[in-house]
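Participant: Got structure10.pdb for you, PDB, C-alpha atoms:
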ATOM      1  CA  MET A   1      -7.510   9.371 -16.682
ATOM      2  CA  SER A   2      -3.875  10.310 -17.224
ATOM      3  CA  ARG A   3      -1.390  10.698 -14.401
ATOM      4  CA  ASP A   4       1.777  12.690 -14.069
ATOM      5  CA  LEU A   5       4.709  10.423 -13.246
ATOM      6  CA  SER A   6       7.802  11.658 -11.450
ATOM      7  CA  THR A   7      11.069  11.822 -13.353
ATOM      8  CA  SER A   8      12.624   9.205 -11.074
ATOM      9  CA  LEU A   9       9.759   6.785 -11.751
ATOM     10  CA  LEU A  10       9.995   7.347 -15.504
ATOM     11  CA  ASN A  11      13.761   6.824 -15.379
ATOM     12  CA  SER A  12      13.393   3.580 -13.421
ATOM     13  CA  LEU A  13      11.190   2.191 -16.202
ATOM     14  CA  ASP A  14      14.266   2.261 -18.467
ATOM     15  CA  ASP A  15      16.330   0.135 -16.046
ATOM     16  CA  PRO A  16      17.211  -3.377 -17.207
ATOM     17  CA  VAL A  17      15.477  -4.795 -14.108
ATOM     18  CA  VAL A  18      12.432  -3.173 -12.504
ATOM     19  CA  TYR A  19      11.323  -3.829  -8.901
ATOM     20  CA  PRO A  20       7.731  -2.566  -8.534
ATOM     21  CA  PHE A  21       6.028  -2.554  -5.129
ATOM     22  CA  PHE A  22       2.901  -1.410  -3.334
ATOM     23  CA  ALA A  23       2.812   0.388   0.015
ATOM     24  CA  VAL A  24      -0.387   0.640   2.040
ATOM     25  CA  ASP A  25      -1.454   3.027   4.825
ATOM     26  CA  LEU A  26      -4.151   1.582   7.091
ATOM     27  CA  ASP A  27      -5.596   3.936   9.697
ATOM     28  CA  PHE A  28      -6.816   1.841  12.622
ATOM     29  CA  ASP A  29      -8.444   3.483  15.642
ATOM     30  CA  SER A  30      -5.450   2.466  17.754
ATOM     31  CA  GLY A  31      -2.988   4.000  15.277
ATOM     32  CA  PRO A  32      -1.732   3.651  11.720
ATOM     33  CA  LEU A  33      -0.280   0.496  10.212
ATOM     34  CA  TYR A  34       2.085   0.812   7.256
ATOM     35  CA  VAL A  35       2.954  -2.269   5.190
ATOM     36  CA  TRP A  36       4.585  -2.839   1.828
ATOM     37  CA  THR A  37       4.964  -5.768  -0.555
ATOM     38  CA  GLY A  38       8.697  -6.196  -0.014
ATOM     39  CA  PHE A  39      10.947  -7.482   2.739
ATOM     40  CA  GLY A  40      12.393  -5.546   5.674
ATOM     41  CA  ASP A  41      11.543  -1.972   6.543
ATOM     42  CA  LEU A  42      11.050   0.701   3.871
ATOM     43  CA  THR A  43      11.016   4.406   4.732
ATOM     44  CA  ILE A  44       8.972   6.701   2.496
ATOM     45  CA  GLY A  45       8.940  10.285   3.690
ATOM     46  CA  SER A  46       8.594  10.072   7.456
ATOM     47  CA  LYS A  47       6.734   6.730   7.490
ATOM     48  CA  THR A  48       8.347   3.329   8.009
ATOM     49  CA  TYR A  49       6.557   0.521   6.190
ATOM     50  CA  LEU A  50       6.838  -3.029   7.489
ATOM     51  CA  GLY A  51       7.771  -5.571   4.841
ATOM     52  CA  ALA A  52       5.095  -8.196   4.321
ATOM     53  CA  GLY A  53       6.517  -9.647   1.105
ATOM     54  CA  ASP A  54       4.150 -11.919  -0.773
ATOM     55  CA  LEU A  55       1.832 -11.999   2.221
ATOM     56  CA  VAL A  56      -0.042  -8.865   1.105
ATOM     57  CA  GLY A  57      -2.424  -9.008  -1.838
ATOM     58  CA  ILE A  58      -4.195  -6.082  -3.494
ATOM     59  CA  SER A  59      -7.160  -6.594  -5.821
ATOM     60  CA  SER A  60      -7.727  -4.635  -8.994
ATOM     61  CA  VAL A  61      -8.913  -1.114  -8.263
ATOM     62  CA  GLU A  62     -11.608   0.857 -10.061
ATOM     63  CA  GLU A  63     -10.981   4.609 -10.212
ATOM     64  CA  THR A  64     -13.735   7.215 -10.485
ATOM     65  CA  THR A  65     -13.620  10.606 -12.177
ATOM     66  CA  GLU A  66     -13.121  12.138  -8.710
ATOM     67  CA  ILE A  67      -9.685  10.416  -8.525
ATOM     68  CA  GLU A  68     -10.991   8.034  -5.933
ATOM     69  CA  ALA A  69     -10.584   4.276  -5.799
ATOM     70  CA  LYS A  70     -13.624   2.093  -5.277
ATOM     71  CA  GLY A  71     -13.797  -1.517  -4.203
ATOM     72  CA  ALA A  72     -10.152  -2.292  -3.454
ATOM     73  CA  SER A  73      -9.531  -5.364  -1.317
ATOM     74  CA  ILE A  74      -6.339  -5.842   0.641
ATOM     75  CA  THR A  75      -5.640  -9.301   1.977
ATOM     76  CA  MET A  76      -2.931 -10.378   4.381
ATOM     77  CA  SER A  77      -1.925 -13.940   5.128
ATOM     78  CA  GLY A  78       0.685 -15.377   7.440
ATOM     79  CA  ILE A  79       0.890 -12.113   9.343
ATOM     80  CA  PRO A  80       2.541 -11.858  12.768
ATOM     81  CA  SER A  81       0.270 -12.504  15.741
ATOM     82  CA  SER A  82       0.478  -8.829  16.828
ATOM     83  CA  PHE A  83      -1.099  -7.755  13.505
ATOM     84  CA  LEU A  84      -3.641 -10.559  13.692
ATOM     85  CA  ALA A  85      -4.816  -9.355  17.115
ATOM     86  CA  LEU A  86      -5.233  -5.846  15.668
ATOM     87  CA  ALA A  87      -7.206  -7.167  12.705
ATOM     88  CA  LEU A  88      -9.504  -9.197  14.938
ATOM     89  CA  THR A  89     -10.233  -6.399  17.409
ATOM     90  CA  GLU A  90     -10.609  -3.483  14.999
ATOM     91  CA  PRO A  91     -12.848  -4.069  11.973
ATOM     92  CA  TYR A  92     -11.436  -2.359   8.906
ATOM     93  CA  GLN A  93     -13.869  -3.194   6.121
ATOM     94  CA  GLY A  94     -15.282  -0.092   4.426
ATOM     95  CA  ARG A  95     -12.681   2.272   5.864
ATOM     96  CA  GLU A  96     -10.323   4.493   3.919
ATOM     97  CA  CYS A  97      -6.774   3.478   3.137
ATOM     98  CA  ARG A  98      -4.046   4.729   0.836
ATOM     99  CA  ILE A  99      -2.327   2.477  -1.688
ATOM    100  CA  TYR A 100       0.930   3.643  -3.277
ATOM    101  CA  PHE A 101       2.805   2.186  -6.228
ATOM    102  CA  GLY A 102       6.549   2.626  -6.469
ATOM    103  CA  MET A 103       9.803   1.260  -7.819
TER     104      MET A 103
END
In structure tokens, write the structure found in this file.
Facilitator:
Amino acid sequence: MSRDLSTSLLNSLDDPVVYPFFAVDLDFDSGPLYVWTGFGDLTIGSKTYLGAGDLVGISSVEETTEIEAKGASITMSGIPSSFLALALTEPYQGRECRIYFGM
């Protein structure tokens, strides 16, 4: 299925060096958690994503004809203890999340 890419994304593909990243929205019962695959904080729109660097892994994603991803796995390792407590008290498997790709 084809996608429309923004002009800024298309232009960044012509740069001599490209810095791709993923950002992930996780909606826990106690509130949202926003992380991205870089370092430091990243603001996209009104959301601030916490940098998790190489500590976040995203599996390959299968997309359906309904523009819906199936079977994505997000793994986190070496996360701060505050996130670990959240992960242990609020099961997330099988819940919706949003995965963004950017540069």
Participant: Please return, as a ChimeraX atom specification, all polymer residues that have at least one atom within 7 Å of the point (6.0, -2.9, 5.7); use only C-alpha atoms and the file's own coordinate frame.
Facilitator: /A:34-37,40-42,49-52
Participant: From the options A:Ser6, A:Thr65, A:Ser60, A:Ser77, which residue's atoms come nearest to Ile99 in chain A, counting only C-alpha atoms?
Facilitator: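 Of A:Ser6, A:Thr65, A:Ser60, A:Ser77, the one nearest Ile99 in chain A, counting only C-alpha atoms, is A:Ser60.
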Participant: For this structure, which residues satisfy the selection - the PyMOL selection byres ((chain A and resi 32) around 12) - when it is evaluated on the file as given? I want them as a PyMOL selection string.
Facilitator: chain A and resi 24-31+33-35+47-50+83+86+90+92+96-98
Participant: Rounded to one decimal place, report the CA of Met76 in chain A-CA of Glu63 in chain A distance in Å.
Facilitator: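 Interatomic distance here is 22.4 Å.
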Participant: Could you jot down the CA of Met103 in chain A to CA of Phe22 in chain A separation for me, Å, one decimal place?
Facilitator: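 Computing it gives 8.7 Å between the two atoms.
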Participant: Figure out the distance between CA of Thr75 in chain A and CA of Leu9 in chain A, please, to one decimal in Å.
Facilitator: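 Computed distance, CA of Leu9 in chain A to CA of Thr75 in chain A, equals 26.2 Å.
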Participant: For Ser59 in chain A, list every protein, DNA or RNA residue within 9 Å, evaluated using only C-alpha atoms, and leave out those in the same chain fewer than 3 positions away; present the list as a list in words.
Facilitator: Gly71, Ala72, Ser73, Ile74 and Thr75 of chain A
